[in-house]
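Student: Contents of model07.pdb (PDB, C-alpha atoms, pLDDT in the B column) are below:
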```pdb
ATOM      1  CA  MET A   1     -22.117  -1.337  19.043  1.00 35.00           C
ATOM      2  CA  GLU A   2     -24.735  -1.612  16.331  1.00 42.00           C
ATOM      3  CA  ARG A   3     -23.965  -4.233  13.739  1.00 47.00           C
ATOM      4  CA  GLY A   4     -25.874  -4.601  10.475  1.00 45.00           C
ATOM      5  CA  THR A   5     -25.559  -5.446   6.821  1.00 57.00           C
ATOM      6  CA  ASN A   6     -25.921  -1.869   5.656  1.00 89.00           C
ATOM      7  CA  ILE A   7     -24.104  -0.931   2.464  1.00 96.00           C
ATOM      8  CA  GLN A   8     -22.937   2.518   1.413  1.00 95.00           C
ATOM      9  CA  TYR A   9     -22.546   2.871  -2.352  1.00 95.00           C
ATOM     10  CA  LEU A  10     -20.153   5.413  -3.850  1.00 94.00           C
ATOM     11  CA  LYS A  11     -19.579   6.328  -7.500  1.00 91.00           C
ATOM     12  CA  SER A  12     -15.856   7.008  -7.254  1.00 89.00           C
ATOM     13  CA  VAL A  13     -13.396   7.318  -4.403  1.00 91.00           C
ATOM     14  CA  ASP A  14      -9.647   7.428  -3.953  1.00 85.00           C
ATOM     15  CA  SER A  15      -9.759   4.190  -1.950  1.00 89.00           C
ATOM     16  CA  THR A  16     -12.624   2.499  -0.127  1.00 93.00           C
ATOM     17  CA  ASN A  17     -10.220   1.697   2.719  1.00 93.00           C
ATOM     18  CA  THR A  18      -9.245   5.358   3.030  1.00 92.00           C
ATOM     19  CA  TYR A  19     -12.887   6.437   2.910  1.00 95.00           C
ATOM     20  CA  ALA A  20     -13.919   3.874   5.537  1.00 95.00           C
ATOM     21  CA  ALA A  21     -11.037   4.879   7.810  1.00 94.00           C
ATOM     22  CA  ASP A  22     -11.876   8.591   7.448  1.00 94.00           C
ATOM     23  CA  HIS A  23     -15.548   7.883   8.283  1.00 96.00           C
ATOM     24  CA  PHE A  24     -14.849   5.097  10.769  1.00 96.00           C
ATOM     25  CA  ASP A  25     -16.522   6.833  13.723  1.00 95.00           C
ATOM     26  CA  SER A  26     -19.811   7.394  11.872  1.00 95.00           C
ATOM     27  CA  LEU A  27     -20.006   4.045  10.085  1.00 96.00           C
ATOM     28  CA  ASN A  28     -21.772   1.165  11.821  1.00 95.00           C
ATOM     29  CA  ASP A  29     -19.898  -1.894  12.935  1.00 95.00           C
ATOM     30  CA  GLY A  30     -20.402  -4.363  10.088  1.00 95.00           C
ATOM     31  CA  ALA A  31     -20.969  -1.684   7.438  1.00 97.00           C
ATOM     32  CA  LEU A  32     -19.718  -2.207   3.897  1.00 97.00           C
ATOM     33  CA  VAL A  33     -18.511   0.642   1.680  1.00 97.00           C
ATOM     34  CA  VAL A  34     -18.677  -0.153  -2.053  1.00 96.00           C
ATOM     35  CA  ALA A  35     -17.359   2.026  -4.908  1.00 93.00           C
ATOM     36  CA  GLU A  36     -17.714   1.728  -8.681  1.00 91.00           C
ATOM     37  CA  THR A  37     -14.132   2.898  -9.220  1.00 90.00           C
ATOM     38  CA  GLN A  38     -11.045   3.833  -7.207  1.00 83.00           C
ATOM     39  CA  SER A  39      -8.417   6.362  -8.220  1.00 76.00           C
ATOM     40  CA  SER A  40      -5.815   5.192  -5.689  1.00 55.00           C
ATOM     41  CA  GLY A  41      -6.711   1.609  -4.905  1.00 51.00           C
ATOM     42  CA  HIS A  42      -3.876  -0.316  -3.281  1.00 50.00           C
ATOM     43  CA  GLY A  43      -3.029  -3.791  -2.093  1.00 50.00           C
ATOM     44  CA  ARG A  44      -0.364  -5.371   0.089  1.00 50.00           C
ATOM     45  CA  LEU A  45       3.172  -4.022   0.047  1.00 45.00           C
ATOM     46  CA  GLY A  46       1.977  -0.758  -1.535  1.00 51.00           C
ATOM     47  CA  ARG A  47       0.969  -2.397  -4.820  1.00 55.00           C
ATOM     48  CA  LYS A  48      -1.471  -0.439  -6.964  1.00 58.00           C
ATOM     49  CA  TRP A  49      -4.875  -2.084  -7.454  1.00 54.00           C
ATOM     50  CA  HIS A  50      -6.177  -1.552 -11.001  1.00 59.00           C
ATOM     51  CA  SER A  51      -9.733  -0.256 -10.443  1.00 67.00           C
ATOM     52  CA  PRO A  52     -11.819   0.209 -13.605  1.00 77.00           C
ATOM     53  CA  ARG A  53     -15.618  -0.090 -13.547  1.00 84.00           C
ATOM     54  CA  GLY A  54     -17.110  -3.550 -13.507  1.00 87.00           C
ATOM     55  CA  ASN A  55     -15.485  -4.968 -10.382  1.00 92.00           C
ATOM     56  CA  ILE A  56     -16.132  -5.077  -6.651  1.00 94.00           C
ATOM     57  CA  TYR A  57     -14.151  -2.537  -4.611  1.00 93.00           C
ATOM     58  CA  ALA A  58     -15.329  -2.699  -1.026  1.00 96.00           C
ATOM     59  CA  SER A  59     -14.271  -2.110   2.561  1.00 96.00           C
ATOM     60  CA  PHE A  60     -15.772  -3.805   5.605  1.00 97.00           C
ATOM     61  CA  VAL A  61     -15.806  -2.105   9.019  1.00 96.00           C
ATOM     62  CA  MET A  62     -14.899  -4.236  12.031  1.00 96.00           C
ATOM     63  CA  LYS A  63     -15.066  -2.528  15.409  1.00 94.00           C
ATOM     64  CA  ASP A  64     -15.215  -5.641  17.599  1.00 91.00           C
ATOM     65  CA  LEU A  65     -11.589  -6.757  17.948  1.00 80.00           C
ATOM     66  CA  PHE A  66     -12.296 -10.389  18.791  1.00 74.00           C
ATOM     67  CA  GLY A  67      -8.787 -11.618  18.052  1.00 69.00           C
ATOM     68  CA  GLU A  68      -5.607 -10.908  16.171  1.00 74.00           C
ATOM     69  CA  PRO A  69      -5.941  -8.532  13.190  1.00 77.00           C
ATOM     70  CA  PHE A  70      -5.200 -11.625  11.115  1.00 85.00           C
ATOM     71  CA  HIS A  71      -8.736 -12.824  11.888  1.00 90.00           C
ATOM     72  CA  ALA A  72     -10.099  -9.995   9.738  1.00 92.00           C
ATOM     73  CA  THR A  73      -8.357 -11.507   6.716  1.00 93.00           C
ATOM     74  CA  MET A  74     -10.038 -14.842   7.391  1.00 95.00           C
ATOM     75  CA  VAL A  75     -13.468 -13.214   7.615  1.00 96.00           C
ATOM     76  CA  SER A  76     -12.982 -11.394   4.311  1.00 96.00           C
ATOM     77  CA  SER A  77     -11.557 -14.255   2.247  1.00 96.00           C
ATOM     78  CA  LEU A  78     -14.160 -16.743   3.467  1.00 97.00           C
ATOM     79  CA  ALA A  79     -16.928 -14.288   2.622  1.00 97.00           C
ATOM     80  CA  VAL A  80     -15.667 -13.892  -0.950  1.00 97.00           C
ATOM     81  CA  LEU A  81     -15.496 -17.672  -1.390  1.00 96.00           C
ATOM     82  CA  SER A  82     -19.056 -18.023  -0.093  1.00 96.00           C
ATOM     83  CA  VAL A  83     -20.346 -15.512  -2.633  1.00 96.00           C
ATOM     84  CA  LEU A  84     -18.553 -17.454  -5.368  1.00 95.00           C
ATOM     85  CA  ASN A  85     -20.186 -20.660  -4.130  1.00 92.00           C
ATOM     86  CA  ASP A  86     -23.604 -19.008  -4.574  1.00 93.00           C
ATOM     87  CA  LEU A  87     -23.038 -17.273  -7.903  1.00 92.00           C
ATOM     88  CA  VAL A  88     -20.439 -19.386  -9.719  1.00 90.00           C
ATOM     89  CA  PRO A  89     -20.739 -23.073  -8.756  1.00 83.00           C
ATOM     90  CA  GLU A  90     -17.666 -25.243  -9.329  1.00 82.00           C
ATOM     91  CA  HIS A  91     -15.454 -22.161  -9.549  1.00 86.00           C
ATOM     92  CA  GLY A  92     -12.375 -23.978  -8.237  1.00 89.00           C
ATOM     93  CA  ALA A  93     -11.221 -20.970  -6.195  1.00 92.00           C
ATOM     94  CA  TYR A  94      -9.021 -21.284  -3.120  1.00 93.00           C
ATOM     95  CA  ILE A  95      -7.185 -19.062  -0.631  1.00 93.00           C
ATOM     96  CA  LYS A  96      -3.534 -18.408  -1.422  1.00 92.00           C
ATOM     97  CA  TRP A  97      -1.772 -17.317   1.740  1.00 90.00           C
ATOM     98  CA  PRO A  98      -1.920 -14.773   3.119  1.00 84.00           C
ATOM     99  CA  ASN A  99      -4.958 -13.036   1.670  1.00 85.00           C
ATOM    100  CA  ASP A 100      -5.630 -13.723  -2.001  1.00 91.00           C
ATOM    101  CA  ILE A 101      -8.272 -15.755  -3.807  1.00 94.00           C
ATOM    102  CA  PHE A 102      -6.838 -17.682  -6.747  1.00 93.00           C
ATOM    103  CA  ILE A 103      -8.200 -19.895  -9.482  1.00 91.00           C
ATOM    104  CA  GLY A 104      -5.375 -22.062 -10.758  1.00 86.00           C
ATOM    105  CA  GLU A 105      -2.351 -19.757 -10.988  1.00 86.00           C
ATOM    106  CA  ARG A 106      -4.380 -16.600 -11.523  1.00 90.00           C
ATOM    107  CA  LYS A 107      -5.534 -14.084  -8.947  1.00 91.00           C
ATOM    108  CA  LEU A 108      -9.253 -13.355  -8.720  1.00 94.00           C
ATOM    109  CA  SER A 109      -9.482 -11.383  -5.488  1.00 94.00           C
ATOM    110  CA  GLY A 110      -7.282  -9.650  -2.934  1.00 91.00           C
ATOM    111  CA  VAL A 111      -7.813  -8.549   0.655  1.00 92.00           C
ATOM    112  CA  LEU A 112      -6.019  -5.751   2.504  1.00 89.00           C
ATOM    113  CA  CYS A 113      -6.824  -5.262   6.197  1.00 90.00           C
ATOM    114  CA  GLU A 114      -5.664  -2.037   7.848  1.00 90.00           C
ATOM    115  CA  GLY A 115      -5.955  -0.913  11.450  1.00 91.00           C
ATOM    116  CA  VAL A 116      -7.724   2.249  12.594  1.00 93.00           C
ATOM    117  CA  ILE A 117      -5.979   4.063  15.443  1.00 91.00           C
ATOM    118  CA  ARG A 118      -7.820   6.202  17.963  1.00 90.00           C
ATOM    119  CA  GLY A 119      -6.115   7.693  21.016  1.00 90.00           C
ATOM    120  CA  GLY A 120      -2.923   5.791  20.293  1.00 90.00           C
ATOM    121  CA  SER A 121      -4.575   2.361  20.297  1.00 90.00           C
ATOM    122  CA  LEU A 122      -6.231   0.073  17.784  1.00 91.00           C
ATOM    123  CA  ALA A 123      -9.943   0.927  17.541  1.00 92.00           C
ATOM    124  CA  GLY A 124     -10.906  -1.330  14.663  1.00 94.00           C
ATOM    125  CA  ILE A 125      -9.978  -2.845  11.339  1.00 95.00           C
ATOM    126  CA  ILE A 126     -10.958  -1.919   7.805  1.00 94.00           C
ATOM    127  CA  CYS A 127     -10.964  -4.893   5.414  1.00 94.00           C
ATOM    128  CA  GLY A 128     -10.471  -3.840   1.818  1.00 94.00           C
ATOM    129  CA  ILE A 129     -11.725  -6.345  -0.745  1.00 95.00           C
ATOM    130  CA  GLY A 130     -11.197  -6.279  -4.485  1.00 94.00           C
ATOM    131  CA  VAL A 131     -12.785  -8.878  -6.757  1.00 95.00           C
ATOM    132  CA  ASN A 132     -12.310  -9.118 -10.520  1.00 94.00           C
ATOM    133  CA  VAL A 133     -15.920  -9.644 -11.550  1.00 95.00           C
ATOM    134  CA  ASN A 134     -16.771  -8.211 -14.985  1.00 94.00           C
ATOM    135  CA  LEU A 135     -13.237  -7.409 -16.102  1.00 89.00           C
ATOM    136  CA  PRO A 136     -12.583  -8.318 -19.786  1.00 87.00           C
ATOM    137  CA  GLU A 137      -9.310  -9.759 -21.058  1.00 85.00           C
ATOM    138  CA  GLU A 138      -8.001  -6.401 -22.289  1.00 83.00           C
ATOM    139  CA  GLU A 139      -8.281  -4.971 -18.770  1.00 82.00           C
ATOM    140  CA  LEU A 140      -6.808  -8.077 -17.158  1.00 83.00           C
ATOM    141  CA  SER A 141      -3.716  -7.618 -19.305  1.00 80.00           C
ATOM    142  CA  LYS A 142      -3.075  -4.270 -17.581  1.00 80.00           C
ATOM    143  CA  ILE A 143      -2.644  -5.966 -14.206  1.00 79.00           C
ATOM    144  CA  GLY A 144       0.974  -6.567 -13.211  1.00 74.00           C
ATOM    145  CA  GLN A 145       0.507 -10.256 -12.438  1.00 80.00           C
ATOM    146  CA  PRO A 146      -1.470 -13.219 -13.817  1.00 86.00           C
ATOM    147  CA  ALA A 147      -5.131 -12.479 -13.086  1.00 91.00           C
ATOM    148  CA  THR A 148      -8.573 -13.711 -14.022  1.00 93.00           C
ATOM    149  CA  SER A 149     -12.159 -12.531 -13.649  1.00 93.00           C
ATOM    150  CA  LEU A 150     -15.562 -14.131 -13.316  1.00 95.00           C
ATOM    151  CA  LEU A 151     -16.437 -12.779 -16.755  1.00 94.00           C
ATOM    152  CA  THR A 152     -13.565 -14.635 -18.412  1.00 92.00           C
ATOM    153  CA  LEU A 153     -14.476 -17.810 -16.534  1.00 91.00           C
ATOM    154  CA  THR A 154     -18.237 -17.812 -17.116  1.00 92.00           C
ATOM    155  CA  LYS A 155     -18.556 -15.658 -20.283  1.00 92.00           C
ATOM    156  CA  CYS A 156     -21.453 -13.947 -18.483  1.00 92.00           C
ATOM    157  CA  LYS A 157     -21.685 -10.615 -16.678  1.00 94.00           C
ATOM    158  CA  ILE A 158     -22.622 -10.755 -13.019  1.00 95.00           C
ATOM    159  CA  ASN A 159     -24.894  -8.252 -11.283  1.00 96.00           C
ATOM    160  CA  LEU A 160     -22.574  -6.255  -9.020  1.00 95.00           C
ATOM    161  CA  LYS A 161     -25.382  -5.181  -6.681  1.00 95.00           C
ATOM    162  CA  ILE A 162     -26.312  -8.789  -6.007  1.00 96.00           C
ATOM    163  CA  PHE A 163     -22.634  -9.613  -5.463  1.00 97.00           C
ATOM    164  CA  ALA A 164     -22.229  -6.724  -3.000  1.00 97.00           C
ATOM    165  CA  GLU A 165     -25.392  -7.633  -1.085  1.00 96.00           C
ATOM    166  CA  LYS A 166     -24.305 -11.240  -0.712  1.00 97.00           C
ATOM    167  CA  LEU A 167     -20.811 -10.139   0.272  1.00 97.00           C
ATOM    168  CA  ALA A 168     -22.212  -7.924   3.049  1.00 97.00           C
ATOM    169  CA  VAL A 169     -24.280 -10.793   4.443  1.00 97.00           C
ATOM    170  CA  TYR A 170     -21.398 -13.291   4.423  1.00 97.00           C
ATOM    171  CA  LEU A 171     -18.923 -10.787   5.881  1.00 97.00           C
ATOM    172  CA  ASN A 172     -21.199 -10.255   8.864  1.00 96.00           C
ATOM    173  CA  TRP A 173     -21.849 -14.001   9.100  1.00 97.00           C
ATOM    174  CA  TYR A 174     -18.160 -14.886   9.393  1.00 97.00           C
ATOM    175  CA  TYR A 175     -17.551 -11.847  11.591  1.00 96.00           C
ATOM    176  CA  ILE A 176     -20.087 -13.200  14.079  1.00 95.00           C
ATOM    177  CA  ILE A 177     -18.619 -16.709  13.843  1.00 96.00           C
ATOM    178  CA  GLY A 178     -15.198 -15.275  14.708  1.00 94.00           C
ATOM    179  CA  ILE A 179     -16.530 -13.361  17.688  1.00 93.00           C
ATOM    180  CA  ASN A 180     -18.195 -16.473  19.091  1.00 94.00           C
ATOM    181  CA  ASP A 181     -15.789 -19.213  18.038  1.00 95.00           C
ATOM    182  CA  ARG A 182     -12.334 -18.231  16.775  1.00 93.00           C
ATOM    183  CA  LYS A 183     -11.237 -21.843  16.389  1.00 94.00           C
ATOM    184  CA  ARG A 184     -14.181 -22.596  14.102  1.00 96.00           C
ATOM    185  CA  LEU A 185     -13.373 -19.559  11.955  1.00 96.00           C
ATOM    186  CA  PHE A 186      -9.754 -20.681  11.645  1.00 95.00           C
ATOM    187  CA  SER A 187     -10.777 -24.248  10.817  1.00 96.00           C
ATOM    188  CA  LEU A 188     -13.048 -23.027   8.003  1.00 97.00           C
ATOM    189  CA  TRP A 189     -10.328 -20.743   6.661  1.00 96.00           C
ATOM    190  CA  ARG A 190      -7.543 -23.340   6.880  1.00 95.00           C
ATOM    191  CA  ALA A 191      -9.636 -25.836   4.915  1.00 95.00           C
ATOM    192  CA  GLU A 192      -9.674 -23.462   1.940  1.00 94.00           C
ATOM    193  CA  ASN A 193      -5.866 -23.057   1.852  1.00 92.00           C
ATOM    194  CA  ARG A 194      -5.142 -25.717  -0.740  1.00 87.00           C
ATOM    195  CA  LEU A 195      -1.413 -25.046  -0.912  1.00 89.00           C
ATOM    196  CA  ILE A 196      -0.877 -26.826   2.411  1.00 93.00           C
ATOM    197  CA  GLY A 197       1.338 -29.818   1.675  1.00 93.00           C
ATOM    198  CA  THR A 198       2.747 -28.369  -1.554  1.00 93.00           C
ATOM    199  CA  ARG A 199       6.072 -26.792  -2.521  1.00 94.00           C
ATOM    200  CA  VAL A 200       6.095 -23.047  -3.135  1.00 94.00           C
ATOM    201  CA  MET A 201       8.512 -20.194  -3.661  1.00 94.00           C
ATOM    202  CA  LEU A 202       8.721 -17.986  -0.562  1.00 95.00           C
ATOM    203  CA  LEU A 203       9.590 -14.330  -1.045  1.00 92.00           C
ATOM    204  CA  PRO A 204      10.561 -12.632   2.248  1.00 92.00           C
ATOM    205  CA  PRO A 205      10.319  -8.815   2.262  1.00 87.00           C
ATOM    206  CA  ASN A 206      14.066  -8.565   2.851  1.00 85.00           C
ATOM    207  CA  GLY A 207      16.078 -11.488   1.641  1.00 83.00           C
ATOM    208  CA  THR A 208      16.472 -14.086  -1.061  1.00 91.00           C
ATOM    209  CA  ALA A 209      13.553 -16.104  -2.418  1.00 94.00           C
ATOM    210  CA  TYR A 210      13.695 -19.823  -1.715  1.00 93.00           C
ATOM    211  CA  GLU A 211      11.606 -22.949  -2.155  1.00 95.00           C
ATOM    212  CA  ALA A 212      10.039 -24.890   0.696  1.00 96.00           C
ATOM    213  CA  ARG A 213       7.093 -27.111   1.484  1.00 96.00           C
ATOM    214  CA  ILE A 214       4.118 -25.720   3.395  1.00 96.00           C
ATOM    215  CA  ARG A 215       3.460 -28.137   6.248  1.00 96.00           C
ATOM    216  CA  ASP A 216       0.595 -26.269   7.877  1.00 97.00           C
ATOM    217  CA  ILE A 217      -0.638 -22.867   9.053  1.00 96.00           C
ATOM    218  CA  SER A 218      -0.675 -21.877  12.723  1.00 94.00           C
ATOM    219  CA  GLU A 219      -3.740 -20.296  14.317  1.00 91.00           C
ATOM    220  CA  ASP A 220      -2.055 -16.891  14.238  1.00 89.00           C
ATOM    221  CA  GLY A 221      -1.667 -17.145  10.470  1.00 91.00           C
ATOM    222  CA  LYS A 222       2.012 -18.104  10.165  1.00 94.00           C
ATOM    223  CA  LEU A 223       3.128 -20.673   7.621  1.00 96.00           C
ATOM    224  CA  GLN A 224       4.777 -23.762   9.063  1.00 97.00           C
ATOM    225  CA  ILE A 225       7.355 -24.677   6.435  1.00 97.00           C
ATOM    226  CA  GLU A 226      10.020 -27.313   5.825  1.00 96.00           C
ATOM    227  CA  GLU A 227      13.141 -26.360   3.904  1.00 93.00           C
ATOM    228  CA  ASP A 228      15.023 -28.680   1.554  1.00 90.00           C
ATOM    229  CA  ASN A 229      17.584 -29.433   4.281  1.00 92.00           C
ATOM    230  CA  GLY A 230      14.814 -30.622   6.587  1.00 93.00           C
ATOM    231  CA  ASN A 231      14.768 -27.545   8.822  1.00 94.00           C
ATOM    232  CA  GLN A 232      11.304 -26.591  10.003  1.00 96.00           C
ATOM    233  CA  LYS A 233      10.440 -22.979  10.770  1.00 95.00           C
ATOM    234  CA  GLU A 234       7.773 -20.303  10.507  1.00 96.00           C
ATOM    235  CA  PHE A 235       7.220 -17.868   7.657  1.00 95.00           C
ATOM    236  CA  ALA A 236       5.244 -14.894   8.930  1.00 91.00           C
ATOM    237  CA  CYS A 237       5.733 -12.049   6.472  1.00 88.00           C
ATOM    238  CA  GLY A 238       6.219 -11.891   2.739  1.00 88.00           C
ATOM    239  CA  ASP A 239       4.660 -13.495  -0.310  1.00 88.00           C
ATOM    240  CA  VAL A 240       4.152 -16.948  -1.758  1.00 91.00           C
ATOM    241  CA  LYS A 241       4.541 -17.861  -5.417  1.00 88.00           C
ATOM    242  CA  ILE A 242       2.916 -20.983  -6.795  1.00 84.00           C
ATOM    243  CA  LEU A 243       5.398 -23.209  -8.590  1.00 85.00           C
ATOM    244  CA  PRO A 244       4.490 -24.474 -12.091  1.00 76.00           C
ATOM    245  CA  GLU A 245       4.263 -28.082 -10.961  1.00 63.00           C
ATOM    246  CA  GLN A 246       1.618 -27.033  -8.402  1.00 53.00           C
ATOM    247  CA  ARG A 247      -0.777 -25.651 -11.009  1.00 48.00           C
ATOM    248  CA  GLY A 248      -4.355 -26.409 -10.176  1.00 46.00           C
ATOM    249  CA  ALA A 249      -3.445 -27.378  -6.598  1.00 46.00           C
TER     250      ALA A 249
END
```
As structure tokens - that is how I would like this structure written.
Tutor:
Amino acid sequence: MERGTNIQYLKSVDSTNTYAADHFDSLNDGALVVAETQSSGHGRLGRKWHSPRGNIYASFVMKDLFGEPFHATMVSSLAVLSVLNDLVPEHGAYIKWPNDIFIGERKLSGVLCEGVIRGGSLAGIICGIGVNVNLPEEELSKIGQPATSLLTLTKCKINLKIFAEKLAVYLNWYYIIGINDRKRLFSLWRAENRLIGTRVMLLPPNGTAYEARIRDISEDGKLQIEEDNGNQKEFACGDVKILPEQRGA
């Protein structure tokens, strides 16, 4: 399959993930779809993604299924961090399991990877990426959770075209790393998960929230946790909330 860093720019779309899935067969492997706004942007667990102008709303097409779908999340989050390293030195961002980029206790970016089915089997993965770039405080206040943007951090607007171009390059870079060396991709991704070794609140999709310590992350993306009673187990699905005493972890 042809792989390149081509970018398709759209003015407005319901969702870049939906658009990329609908046009999956005609889009190149490694293509990036970028929209100025989304009318129906969404994140994990069906959460609405606030999508005014001034941010990055993008979807990356992966047709080479080199590993578990979880690998697509690693590619996307590492690519966002690499762009931040280029454009906003000393940003202090880290990956908050399973797929968010945080600065302190506030969310800067989210990733949603969805499978594309053809003939009853998985044909590829669409990685949706949202980054709060030029979002002012009044827009941040409309988001249903603590959030930040590069504008509030730097007090300067960032060129979205430059951000998108860098994002496309890094997405393909980590994509290729994953195809050739999955263990290296995981090692790079794990190193950016700064909550390893800290206590967090775990929120399972069905059940009661509870506190535990994150011991490690397995290569298939599951949290290795230790409960207060000493029991060690895996946490594979749900959400993680940073506890106040872990601020700035």
Student: With all atoms listed in the file as the counted atoms, please give the residues lying no more than 10 Å from Tyr210 in chain A, apart from itself and same-chain residues fewer than 6 positions off, as a PDB file with C-alpha atoms, in the frame of the given file.
Tutor:
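Saved result, out-v2.pdb, follows:
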```pdb
ATOM      1  CA  VAL A 200       6.095 -23.047  -3.135  1.00 94.00           C
ATOM      2  CA  MET A 201       8.512 -20.194  -3.661  1.00 94.00           C
ATOM      3  CA  LEU A 202       8.721 -17.986  -0.562  1.00 95.00           C
ATOM      4  CA  LEU A 203       9.590 -14.330  -1.045  1.00 92.00           C
ATOM      5  CA  PRO A 204      10.561 -12.632   2.248  1.00 92.00           C
ATOM      6  CA  GLU A 227      13.141 -26.360   3.904  1.00 93.00           C
ATOM      7  CA  ASP A 228      15.023 -28.680   1.554  1.00 90.00           C
ATOM      8  CA  VAL A 240       4.152 -16.948  -1.758  1.00 91.00           C
TER       9      VAL A 240
END
```
Student: Return the single residue from A:Gln38, A:Asn229, A:Thr198, A:Thr148 that is closest to Ile214 in chain A, with distances computed using all atoms listed in the file.
Tutor: A:Thr198
Student: Would you work out the distance separating CA of Ala168 in chain A from CA of Phe102 in chain A, expressed in Å to one decimal?
Tutor: 20.7 Å
Student: So which residues get picked by the PyMOL selection byres ((chain A and resi 88) around 12) here, written as a ChimeraX atom specification?
Tutor: /A:80-87,89-93,133,149-151,153-158,163
Student: Taking into account only C-alpha atoms, which residue in the set A:Asp239, A:Glu192, A:Glu234, A:Glu139 is nearest to Ala209 in chain A?
Tutor: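 Selected residue with least distance to Ala209 in chain A: A:Asp239.
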Student: The PyMOL selection byres ((chain A and resi 66) around 10) on the file shown: which residues, as a list in words?
Tutor: Met62, Lys63, Asp64, Leu65, Gly67, Glu68, Pro69, His71, Ala72, Tyr175, Ile176, Gly178, Ile179, Asn180, Asp181 and Arg182 of chain A
Student: Between CA of Ile217 in chain A and CA of Ile196 in chain A, what is the distance, to one decimal in Å?
Tutor: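 Result for CA of Ile217 in chain A versus CA of Ile196 in chain A: 7.7 Å, one decimal.
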Student: Per residue of range 25-116 of chain A within 7 Å of range 12-18 of chain A, which atom pair is closest and at what distance in Å (one decimal), using all atoms listed in the file, listed by chain and increasing number, as CSV?
Tutor:
```
residue,atom,partner,partner_atom,distance
A:Val33,CA,A:Thr16,CA,6.4
A:Val34,CA,A:Thr16,CA,6.9
A:Ala35,CA,A:Ser12,CA,5.7
A:Glu36,CA,A:Ser12,CA,5.8
A:Thr37,CA,A:Ser12,CA,4.9
A:Gln38,CA,A:Asp14,CA,5.0
A:Ser39,CA,A:Asp14,CA,4.6
A:Ser40,CA,A:Asp14,CA,4.8
A:Gly41,CA,A:Ser15,CA,5.0
A:Tyr57,CA,A:Thr16,CA,6.9
A:Ala58,CA,A:Thr16,CA,5.9
A:Ser59,CA,A:Asn17,CA,5.6
```
Student: Hey, what's within 8 Å of Ile95 in chain A if we count all atoms listed in the file and toss same-chain stuff fewer than 2 positions away? As a count of residues only, please?
Tutor: 11
Student: For the file shown, what are the residues hit by the PyMOL selection byres ((chain A and resi 138) around 12), laid out as a ChimeraX atom specification?
Tutor: /A:52,134-137,139-143,147-149,151-152
